[in-house]
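Undergrad: query01.cif (mmCIF, C-alpha atoms and all ligand atoms) pasted underneath:
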```cif
data_coords
loop_
_atom_site.label_atom_id
_atom_site.label_comp_id
_atom_site.auth_asym_id
_atom_site.auth_seq_id
_atom_site.Cartn_x
_atom_site.Cartn_y
_atom_site.Cartn_z
CA MET A 261 67.23 -42.12 40.02
CA ARG A 262 64.50 -43.88 38.03
CA ASN A 263 64.34 -42.81 34.44
CA SER A 264 61.85 -45.37 33.24
CA LYS A 265 58.56 -46.34 34.81
CA ASN A 266 58.25 -49.93 35.95
CA LEU A 267 55.34 -51.75 34.32
CA ARG A 268 54.57 -53.58 37.58
CA ASP A 269 53.65 -50.23 39.14
CA TYR A 270 50.41 -50.31 37.09
CA THR A 271 47.24 -52.20 37.94
CA LEU A 272 45.56 -54.21 35.18
CA GLU A 273 43.03 -51.42 34.57
CA GLU A 274 45.78 -48.80 34.39
CA LEU A 275 47.79 -50.91 31.99
CA GLU A 276 44.80 -51.37 29.69
CA ALA A 277 44.22 -47.60 29.76
CA LEU A 278 47.90 -46.97 29.07
CA PHE A 279 47.70 -49.09 25.93
CA THR A 280 44.39 -47.77 24.63
CA ASN A 281 45.57 -44.18 25.19
CA ARG A 282 48.36 -44.92 22.74
CA GLY A 283 45.98 -46.26 20.18
CA LEU A 284 46.93 -49.86 20.93
CA PRO A 285 44.24 -52.47 21.55
CA GLY A 286 43.38 -53.08 25.24
CA TYR A 287 44.13 -56.79 24.91
CA ARG A 288 47.79 -55.94 24.48
CA GLY A 289 47.69 -54.49 27.99
CA ARG A 290 46.19 -57.72 29.31
CA GLN A 291 48.79 -59.72 27.41
CA VAL A 292 51.61 -57.73 29.01
CA PHE A 293 49.98 -57.96 32.45
CA LYS A 294 50.16 -61.78 32.33
CA TRP A 295 53.92 -61.57 31.92
CA LEU A 296 54.20 -59.31 34.95
CA LEU A 297 53.07 -62.24 37.12
CA LYS A 298 56.18 -64.16 36.13
CA PRO A 299 59.75 -63.28 37.13
CA VAL A 300 60.63 -61.85 33.71
CA SER A 301 62.76 -58.72 33.68
CA ASP A 302 63.65 -58.40 30.00
CA PHE A 303 61.24 -57.34 27.25
CA ALA A 304 62.80 -59.92 24.93
CA GLU A 305 61.07 -62.58 27.04
CA LEU A 306 57.60 -61.30 26.13
CA THR A 307 57.54 -63.69 23.21
CA ASP A 308 53.89 -63.33 22.22
CA LEU A 309 54.24 -59.58 21.53
CA PRO A 310 55.32 -58.14 18.18
CA LYS A 311 58.99 -57.30 18.20
CA ASN A 312 58.49 -53.61 17.43
CA LEU A 313 56.08 -53.28 20.36
CA ARG A 314 58.62 -54.92 22.66
CA GLN A 315 61.26 -52.48 21.50
CA GLU A 316 58.94 -49.54 21.88
CA LEU A 317 58.05 -50.56 25.45
CA ALA A 318 61.68 -51.19 26.35
CA GLN A 319 62.55 -47.61 25.45
CA GLU A 320 60.10 -46.17 27.90
CA PHE A 321 59.46 -48.77 30.56
CA SER A 322 61.29 -51.15 32.85
CA LEU A 323 60.55 -54.70 34.05
CA PHE A 324 63.16 -54.56 36.81
CA ILE A 325 62.59 -56.90 39.76
CA PRO A 326 64.66 -56.47 42.95
CA ALA A 327 67.62 -58.86 42.87
CA VAL A 328 68.12 -61.58 45.48
CA LYS A 329 71.22 -60.61 47.41
CA LYS A 330 71.13 -63.20 50.12
CA VAL A 331 68.94 -66.06 51.33
CA GLU A 332 69.28 -67.23 54.92
CA THR A 333 67.60 -70.35 56.24
CA ALA A 334 66.67 -70.77 59.91
CA GLN A 335 66.59 -74.04 61.79
CA ASP A 336 62.79 -74.09 61.61
CA GLY A 337 62.87 -73.74 57.81
CA THR A 338 61.97 -70.05 57.77
CA GLN A 339 63.87 -68.21 55.03
CA LYS A 340 64.83 -64.57 54.90
CA LEU A 341 65.45 -62.98 51.51
CA ALA A 342 67.48 -59.80 51.22
CA LEU A 343 66.60 -57.99 48.01
CA GLU A 344 68.51 -55.18 46.39
CA LEU A 345 66.49 -52.38 44.79
CA ALA A 346 67.44 -50.39 41.69
CA ASP A 347 68.91 -47.57 43.82
CA GLY A 348 70.99 -49.92 45.96
CA GLU A 349 68.66 -49.95 49.00
CA VAL A 350 68.15 -53.37 50.54
CA ILE A 351 64.87 -54.75 51.89
CA GLU A 352 63.94 -58.04 53.49
CA CYS A 353 61.01 -60.43 53.31
CA VAL A 354 60.44 -63.64 55.22
CA LEU A 355 59.09 -66.91 53.83
CA ILE A 356 57.48 -69.00 56.56
CA PRO A 357 56.61 -72.68 56.02
CA GLU A 358 53.26 -73.75 57.50
CA GLU A 359 51.71 -77.20 57.45
CA ASP A 360 50.14 -77.05 54.00
CA HIS A 361 51.26 -73.69 52.62
CA TYR A 362 53.74 -70.85 52.90
CA THR A 363 53.22 -67.38 54.33
CA LEU A 364 55.26 -64.47 53.04
CA CYS A 365 55.90 -61.49 55.30
CA VAL A 366 56.57 -58.49 53.04
CA SER A 367 58.08 -55.04 53.60
CA SER A 368 56.25 -51.90 52.47
CA GLN A 369 58.95 -49.28 53.09
CA VAL A 370 62.72 -49.03 53.39
CA GLY A 371 63.01 -48.37 57.12
CA CYS A 372 60.07 -46.91 59.01
CA ALA A 373 59.01 -43.53 60.41
CA MET A 374 56.76 -44.83 63.21
CA GLY A 375 59.53 -44.91 65.80
CA CYS A 376 58.09 -47.71 67.97
CA ALA A 377 60.36 -48.24 70.98
CA PHE A 378 60.42 -52.06 70.73
CA CYS A 379 61.14 -52.36 66.99
CA LEU A 380 64.53 -52.66 65.37
CA THR A 381 63.33 -51.37 61.99
CA ALA A 382 62.49 -48.07 63.70
CA ARG A 383 66.19 -47.63 64.48
CA MET A 384 66.94 -47.43 60.75
CA GLY A 385 64.72 -44.38 60.46
CA PHE A 386 62.61 -43.85 57.36
CA ARG A 387 64.38 -44.05 54.03
CA ARG A 388 61.66 -44.29 51.40
CA ASN A 389 58.39 -45.87 50.30
CA LEU A 390 58.40 -49.01 48.18
CA TRP A 391 56.86 -48.95 44.72
CA PRO A 392 54.29 -51.63 43.83
CA HIS A 393 56.91 -53.44 41.72
CA GLU A 394 59.19 -53.62 44.76
CA ILE A 395 56.48 -55.16 46.94
CA LEU A 396 55.27 -57.48 44.16
CA GLY A 397 58.94 -58.25 43.49
CA GLN A 398 59.17 -59.79 46.96
CA VAL A 399 56.29 -62.09 46.05
CA LEU A 400 57.88 -62.97 42.70
CA ARG A 401 61.26 -63.76 44.25
CA ALA A 402 59.67 -65.88 46.98
CA LYS A 403 57.63 -67.83 44.41
CA GLU A 404 60.76 -68.29 42.33
CA LEU A 405 62.56 -69.72 45.35
CA LEU A 406 59.70 -72.16 45.99
CA ASP A 407 59.76 -73.20 42.32
CA GLN A 408 63.51 -73.83 42.53
CA LYS A 409 62.92 -75.97 45.62
CA LYS A 410 60.14 -77.79 43.76
CA SER A 411 57.99 -77.10 46.80
CA PRO A 412 54.70 -78.99 46.80
CA LYS A 413 53.23 -76.36 49.13
CA PRO A 414 51.96 -73.13 47.57
CA LEU A 415 52.54 -69.57 48.71
CA ARG A 416 49.07 -68.84 50.01
CA ASN A 417 49.26 -66.07 52.62
CA ILE A 418 50.73 -62.58 52.46
CA VAL A 419 51.18 -60.50 55.58
CA PHE A 420 52.34 -56.87 55.50
CA MET A 421 54.37 -57.26 58.68
CA GLY A 422 57.89 -56.74 57.39
CA MET A 423 59.69 -53.41 57.38
CA GLY A 424 57.65 -50.25 57.27
CA GLU A 425 54.13 -49.00 57.89
CA PRO A 426 51.97 -50.11 54.94
CA LEU A 427 49.25 -47.51 55.52
CA ALA A 428 51.87 -44.73 55.35
CA ASN A 429 52.55 -45.89 51.77
CA TYR A 430 48.86 -45.90 50.94
CA GLU A 431 48.64 -45.41 47.16
CA ASN A 432 51.34 -47.97 46.42
CA LEU A 433 49.78 -50.38 48.91
CA ILE A 434 46.36 -50.18 47.24
CA LYS A 435 47.80 -50.78 43.77
CA THR A 436 49.81 -53.73 45.08
CA LEU A 437 46.76 -55.23 46.81
CA LYS A 438 44.69 -54.89 43.62
CA THR A 439 47.26 -56.89 41.65
CA LEU A 440 47.66 -59.47 44.42
CA LEU A 441 43.90 -60.04 44.69
CA HIS A 442 42.83 -59.73 41.04
CA PRO A 443 41.63 -63.06 39.57
CA LYS A 444 43.73 -62.26 36.48
CA GLY A 445 46.56 -61.12 38.75
CA PHE A 446 48.18 -63.19 41.49
CA ASN A 447 44.69 -64.29 42.54
CA PHE A 448 45.34 -64.41 46.29
CA SER A 449 42.26 -64.89 48.43
CA LYS A 450 41.21 -61.76 50.32
CA ARG A 451 41.07 -63.95 53.43
CA ARG A 452 44.77 -64.65 53.06
CA VAL A 453 46.14 -61.13 52.72
CA THR A 454 46.69 -59.19 55.95
CA VAL A 455 47.63 -55.54 56.28
CA SER A 456 49.13 -54.74 59.67
CA THR A 457 49.19 -51.15 60.93
CA ALA A 458 50.56 -49.22 63.88
CA GLY A 459 47.25 -47.35 63.83
CA LEU A 460 46.97 -44.68 61.12
CA VAL A 461 43.31 -43.82 61.69
CA PRO A 462 42.47 -41.88 58.48
CA GLN A 463 43.95 -44.61 56.29
CA ILE A 464 42.19 -47.39 58.25
CA LYS A 465 38.94 -45.59 57.45
CA ARG A 466 39.78 -45.39 53.74
CA LEU A 467 41.15 -48.92 53.41
CA GLY A 468 37.97 -50.76 54.32
CA HIS A 469 36.08 -48.95 51.57
CA GLU A 470 38.66 -49.50 48.84
CA VAL A 471 39.68 -53.15 49.15
CA THR A 472 38.67 -56.16 51.22
CA VAL A 473 41.63 -57.63 53.09
CA ARG A 474 42.30 -58.72 56.65
CA LEU A 475 43.22 -55.92 59.03
CA ALA A 476 45.68 -56.34 61.89
CA VAL A 477 46.23 -53.54 64.37
CA SER A 478 49.38 -53.31 66.48
CA LEU A 479 47.86 -52.35 69.82
CA HIS A 480 50.54 -53.35 72.36
CA ALA A 481 48.91 -51.48 75.27
CA ALA A 482 45.45 -51.03 76.72
CA CYS A 483 45.81 -47.44 77.93
CA ASP A 484 47.07 -44.26 76.28
CA GLU A 485 49.79 -43.65 78.82
CA ILE A 486 51.66 -46.88 78.08
CA ARG A 487 50.81 -46.91 74.37
CA SER A 488 52.14 -43.39 73.80
CA ARG A 489 55.39 -44.34 75.46
CA LEU A 490 55.78 -47.39 73.20
CA MET A 491 54.30 -45.99 70.00
CA PRO A 492 54.62 -42.25 69.23
CA ILE A 493 51.74 -42.55 66.70
CA ASN A 494 49.39 -42.89 69.69
CA GLN A 495 49.91 -39.22 70.51
CA ARG A 496 48.36 -38.36 67.15
CA TYR A 497 45.67 -41.07 67.12
CA PRO A 498 44.89 -42.14 70.69
CA LEU A 499 43.12 -45.36 71.59
CA THR A 500 39.53 -44.05 71.54
CA GLU A 501 39.97 -42.80 67.96
CA LEU A 502 41.79 -45.94 66.86
CA LEU A 503 39.18 -48.27 68.36
CA GLU A 504 36.36 -46.18 66.92
CA ALA A 505 37.91 -46.64 63.44
CA CYS A 506 38.08 -50.39 64.16
CA ARG A 507 34.45 -50.49 65.30
CA SER A 508 33.30 -48.94 62.03
CA PHE A 509 35.67 -50.93 59.81
CA PRO A 510 33.53 -52.84 57.29
CA LEU A 511 34.04 -56.54 57.97
CA PRO A 512 32.63 -59.41 55.90
CA ARG A 513 30.48 -61.81 57.90
CA GLY A 514 32.49 -63.96 60.30
CA TRP A 515 35.69 -61.92 59.98
CA ARG A 516 37.56 -60.45 62.92
CA ILE A 517 40.18 -57.76 63.26
CA THR A 518 43.46 -59.10 64.61
CA PHE A 519 44.88 -57.10 67.50
CA GLU A 520 48.58 -57.68 67.97
CA TYR A 521 49.87 -57.25 71.48
CA ILE A 522 53.60 -57.62 72.18
CA LEU A 523 54.19 -58.75 75.74
CA LEU A 524 56.95 -56.70 77.36
CA LYS A 525 58.10 -57.73 80.79
CA GLY A 526 57.11 -55.26 83.50
CA VAL A 527 55.63 -52.85 80.94
CA ASN A 528 52.28 -54.18 79.70
CA ASP A 529 52.04 -57.77 80.95
CA THR A 530 50.09 -57.66 84.22
CA ALA A 531 46.66 -59.12 84.96
CA GLN A 532 45.35 -55.57 85.12
CA ASP A 533 46.65 -54.91 81.59
CA ALA A 534 44.88 -58.05 80.36
CA ARG A 535 41.60 -57.01 82.01
CA ARG A 536 41.86 -53.51 80.56
CA LEU A 537 42.57 -54.97 77.13
CA ALA A 538 39.42 -57.09 77.37
CA ASP A 539 37.44 -54.00 78.43
CA ILE A 540 38.54 -51.76 75.57
CA LEU A 541 38.01 -54.44 72.92
CA ARG A 542 34.55 -55.44 74.09
CA GLY A 543 32.05 -55.30 71.23
CA ILE A 544 34.67 -55.42 68.46
CA PRO A 545 34.92 -58.69 66.49
CA ALA A 546 38.48 -59.30 67.62
CA LYS A 547 41.16 -61.91 67.60
CA ILE A 548 44.00 -61.11 69.96
CA ASN A 549 47.44 -62.26 68.89
CA LEU A 550 49.88 -62.13 71.78
CA ILE A 551 53.47 -61.74 70.61
CA PRO A 552 56.22 -62.70 73.05
CA PHE A 553 58.75 -59.87 72.61
CA ASN A 554 61.70 -60.79 70.42
CA GLU A 555 64.66 -59.53 72.39
CA HIS A 556 67.62 -57.75 70.84
CA PRO A 557 70.72 -56.19 72.43
CA LEU A 558 69.76 -52.80 70.96
CA LEU A 559 66.23 -52.90 72.40
CA PRO A 560 65.55 -51.95 76.05
CA PHE A 561 62.87 -54.59 76.83
CA LYS A 562 62.61 -58.18 77.99
CA CYS A 563 60.19 -60.96 77.16
CA PRO A 564 58.04 -62.12 80.10
CA GLU A 565 58.33 -65.70 81.44
CA GLU A 566 56.13 -68.26 79.72
CA ARG A 567 53.97 -68.48 82.85
CA ALA A 568 53.12 -64.78 82.63
CA ILE A 569 52.33 -65.07 78.93
CA LEU A 570 49.93 -67.96 79.52
CA ALA A 571 48.29 -66.17 82.45
CA PHE A 572 47.72 -63.11 80.25
CA GLN A 573 46.16 -65.31 77.59
CA GLU A 574 44.01 -67.08 80.19
CA THR A 575 42.55 -63.78 81.42
CA LEU A 576 41.46 -62.95 77.86
CA LEU A 577 40.08 -66.43 77.17
CA ALA A 578 38.10 -66.32 80.41
CA ARG A 579 36.45 -63.14 79.14
CA GLY A 580 35.36 -64.84 75.95
CA PHE A 581 38.05 -63.54 73.59
CA VAL A 582 39.87 -65.47 70.93
CA ALA A 583 43.50 -65.11 72.01
CA THR A 584 46.51 -66.89 70.55
CA VAL A 585 50.22 -66.71 71.30
CA ARG A 586 52.34 -66.11 68.20
CA LYS A 587 55.07 -68.64 67.61
CA SER A 588 58.36 -66.94 66.91
CA ARG A 589 59.77 -68.07 63.59
CA GLY A 590 63.25 -67.63 62.20
CA ARG A 591 64.72 -66.02 65.29
CA ASP A 592 68.23 -67.41 64.69
CA ILE A 593 68.51 -65.50 61.39
CA SER A 594 66.96 -62.27 62.72
CA ALA A 595 63.81 -62.87 60.71
CA ALA A 596 61.37 -62.68 63.63
CA CYS A 597 58.89 -59.82 64.14
CA GLY A 598 60.56 -56.47 64.55
CA GLN A 599 64.03 -57.77 63.71
CA LEU A 600 64.25 -56.67 60.09
CA ALA A 601 66.84 -53.95 59.80
CA THR A 602 69.44 -54.65 57.14
CA ARG A 603 71.41 -51.48 57.62
CA LEU A 604 71.87 -52.03 61.32
CA ALA A 605 72.83 -55.65 60.96
CA ALA A 606 75.34 -54.92 58.20
N1 LIG B 1 54.06 -51.16 60.77
C1 LIG B 1 53.15 -52.27 60.83
C2 LIG B 1 53.71 -53.56 60.27
C3 LIG B 1 55.14 -53.94 60.57
S1 LIG B 1 55.54 -54.56 62.17
C4 LIG B 1 52.65 -52.46 62.24
O1 LIG B 1 53.08 -51.72 63.12
O2 LIG B 1 51.79 -53.30 62.45
C5 LIG B 1 54.80 -56.15 62.32
C6 LIG B 1 54.53 -56.54 63.77
O3 LIG B 1 55.75 -56.86 64.47
C7 LIG B 1 53.86 -55.41 64.54
O4 LIG B 1 52.81 -55.91 65.33
C8 LIG B 1 55.02 -54.95 65.41
O5 LIG B 1 54.57 -54.23 66.50
C9 LIG B 1 55.70 -56.26 65.74
N2 LIG B 1 57.04 -56.10 66.34
C10 LIG B 1 57.91 -55.08 66.17
N3 LIG B 1 59.02 -55.28 66.90
C11 LIG B 1 58.86 -56.43 67.58
C12 LIG B 1 59.68 -57.19 68.48
N4 LIG B 1 60.89 -56.78 68.82
N5 LIG B 1 59.17 -58.34 68.97
C13 LIG B 1 57.95 -58.79 68.59
N6 LIG B 1 57.16 -58.14 67.72
C14 LIG B 1 57.60 -56.97 67.21
#
```
Would you write the structure of this file as structure tokens?
Ligand code: SAH
TA:
Amino acid sequence: MRNSKNLRDYTLEELEALFTNRGLPGYRGRQVFKWLLKPVSDFAELTDLPKNLRQELAQEFSLFIPAVKKVETAQDGTQKLALELADGEVIECVLIPEEDHYTLCVSSQVGCAMGCAFCLTARMGFRRNLWPHEILGQVLRAKELLDQKKSPKPLRNIVFMGMGEPLANYENLIKTLKTLLHPKGFNFSKRRVTVSTAGLVPQIKRLGHEVTVRLAVSLHAACDEIRSRLMPINQRYPLTELLEACRSFPLPRGWRITFEYILLKGVNDTAQDARRLADILRGIPAKINLIPFNEHPLLPFKCPEERAILAFQETLLARGFVATVRKSRGRDISAACGQLATRLAA
């Protein structure tokens, strides 16, 4: 399927090593790396490299970036980009305008294997992991779109909340994060990059020791019985293990772990659920992000009334927690949380 290795699959250090191993000076690796931060896909564009080196690289490597297949714009300005990969698979990412910046929600896999009952992506099943160049490609295409719009606001935040479970694509995720965070790479602030997980405990333990980024955990229930029904992964890593991994997650001073909690009418939205949630999170530096369920004809849940959502939030606030209600963005173009599923929509 892929006969040449994509240069954006290498971190800066790996690229330098690749060059020195071939007897080329390390600075050539750094020179090439700079080009990888721009949307160039042809070696001819690497104008500061000797022509023979360009030709040599072109024989062995690729600079392919996923192609923009479709851009949809929601009423609230949110844009969804459908990108086509080299093998014809299609992924989506969502560009969300905020007051003084943009947030990009990226996908980490084609489809997803987690099988969460409330998520449309789960219905696609798992197709494959994304390579670093396919995740970075989402960032490049989003930046390109902002450049075309002459946007005065920068792309500042990246959230791994699109299709897929990022921690199930661990090696590619780490490489991607290194390039996103590196001062000579995309230079994103570690405060502005969030990895969201359904709760893969071994990888949560590794992550905190390998890179510093924000962690978000999709909790969605405060007891094992409900959580296992909603999220099959809970049968493998139940709440006590998950919360223990969160308790020992190395956090810089002042940081909190975000706990996402989708409110599903009649399933996990009672006052008792809110009290239990407060109990199990006690002692963890936490920010609770309540997500009103985004309904879909294929999904067997309903969103609670606004009154119930606010009451749930109130119970948490009264117990001293930071608790916010997530605004749904881009719902009219199926860009909201849990609605990314190209194959189903097609
Ligand atoms: N696999 C990762 C990241 C992708 S999902 C994770 O589980 O965290 C990003 C967020 O959207 C998760 O919190 C997920 O539970 C939530 N989500 C999924 N389907 C949803 C829906 N229909 N309505 C609202 N949020 C949803």
Undergrad: Go through the chains and note each residue within 9 Å of ligand LIG 1 (chain B), using all atoms listed in the file, then give the set as a ChimeraX atom specification.
TA: /A:365-368,372,374,376-382,419-428,455-459,476-480,491,519-524,551-556,559,561,563,588,596-600
Undergrad: Please, which residues are within 8 Å of (40.1, -61.0, 78.5) by the file's coordinates, counting only C-alpha atoms, and could they come as a list in words?
TA: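 Collected hits near the coordinates: Ala534, Arg535, Arg536, Leu537, Ala538, Asp539, Gln573, Glu574, Thr575, Leu576, Leu577, Ala578, Arg579, Gly580 and Phe581 of chain A.
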Undergrad: Could you pull the residues within 9 Å of region 326-337 of chain A, counting all atoms listed in the file, minus those fewer than 2 positions along the same chain, as a list in words?
TA: Phe324, Gln339, Lys340, Leu341, Ala342, Leu343, Glu344, Leu345, Ala346, Val350, Leu355, Ile356, Pro357, His393, Glu394, Gly397, Gln398, Arg401, Arg589, Gly590, Arg591, Asp592, Ile593, Ser594 and Ala595 of chain A
Undergrad: How would the residues just chosen look if you wrote them out with C-alpha atoms as an mmCIF file, keeping the file's coordinate frame?
TA:
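The result, written out as result15.cif:
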```cif
data_model
loop_
_atom_site.group_PDB
_atom_site.id
_atom_site.type_symbol
_atom_site.label_atom_id
_atom_site.label_comp_id
_atom_site.auth_asym_id
_atom_site.auth_seq_id
_atom_site.Cartn_x
_atom_site.Cartn_y
_atom_site.Cartn_z
ATOM 1 C CA PHE A 324 63.160 -54.560 36.810
ATOM 2 C CA GLN A 339 63.870 -68.210 55.030
ATOM 3 C CA LYS A 340 64.830 -64.570 54.900
ATOM 4 C CA LEU A 341 65.450 -62.980 51.510
ATOM 5 C CA ALA A 342 67.480 -59.800 51.220
ATOM 6 C CA LEU A 343 66.600 -57.990 48.010
ATOM 7 C CA GLU A 344 68.510 -55.180 46.390
ATOM 8 C CA LEU A 345 66.490 -52.380 44.790
ATOM 9 C CA ALA A 346 67.440 -50.390 41.690
ATOM 10 C CA VAL A 350 68.150 -53.370 50.540
ATOM 11 C CA LEU A 355 59.090 -66.910 53.830
ATOM 12 C CA ILE A 356 57.480 -69.000 56.560
ATOM 13 C CA PRO A 357 56.610 -72.680 56.020
ATOM 14 C CA HIS A 393 56.910 -53.440 41.720
ATOM 15 C CA GLU A 394 59.190 -53.620 44.760
ATOM 16 C CA GLY A 397 58.940 -58.250 43.490
ATOM 17 C CA GLN A 398 59.170 -59.790 46.960
ATOM 18 C CA ARG A 401 61.260 -63.760 44.250
ATOM 19 C CA ARG A 589 59.770 -68.070 63.590
ATOM 20 C CA GLY A 590 63.250 -67.630 62.200
ATOM 21 C CA ARG A 591 64.720 -66.020 65.290
ATOM 22 C CA ASP A 592 68.230 -67.410 64.690
ATOM 23 C CA ILE A 593 68.510 -65.500 61.390
ATOM 24 C CA SER A 594 66.960 -62.270 62.720
ATOM 25 C CA ALA A 595 63.810 -62.870 60.710
#
```
Undergrad: Quick one: of A:Ala505, A:Thr271, A:Arg516, A:Phe386, who's nearest to Glu431 (chain A), counting only C-alpha atoms?
TA: A:Thr271
Undergrad: Choose the residue, out of A:Gly543, A:Arg288, A:Ile325, A:Tyr270, that has the smallest atom-to-atom separation from Ile434 (chain A); count all atoms listed in the file.
TA: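 Under the stated criterion, the closest residue is A:Tyr270.
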Undergrad: What does the distance between CA of Arg496 (chain A) and CA of Pro545 (chain A) come to in Å, to one decimal place?
TA: 24.4 Å
Undergrad: Give me the residues of region 349-392 of chain A that have any atom at most 12 Å from an atom of region 446-452 of chain A; for each, the nearest atom pair and the distance in Å, rounded to one decimal. Use all atoms listed in the file, sort by chain and number, and format it as a Markdown table.
TA:
```
| residue | atom | partner | partner_atom | distance |
| --- | --- | --- | --- | --- |
| A:His361 | CA | A:Arg452 | CA | 11.1 |
| A:Tyr362 | CA | A:Arg452 | CA | 10.9 |
| A:Thr363 | CA | A:Arg452 | CA | 9.0 |
| A:Leu364 | CA | A:Arg452 | CA | 10.5 |
| A:Cys365 | CA | A:Arg452 | CA | 11.8 |
```
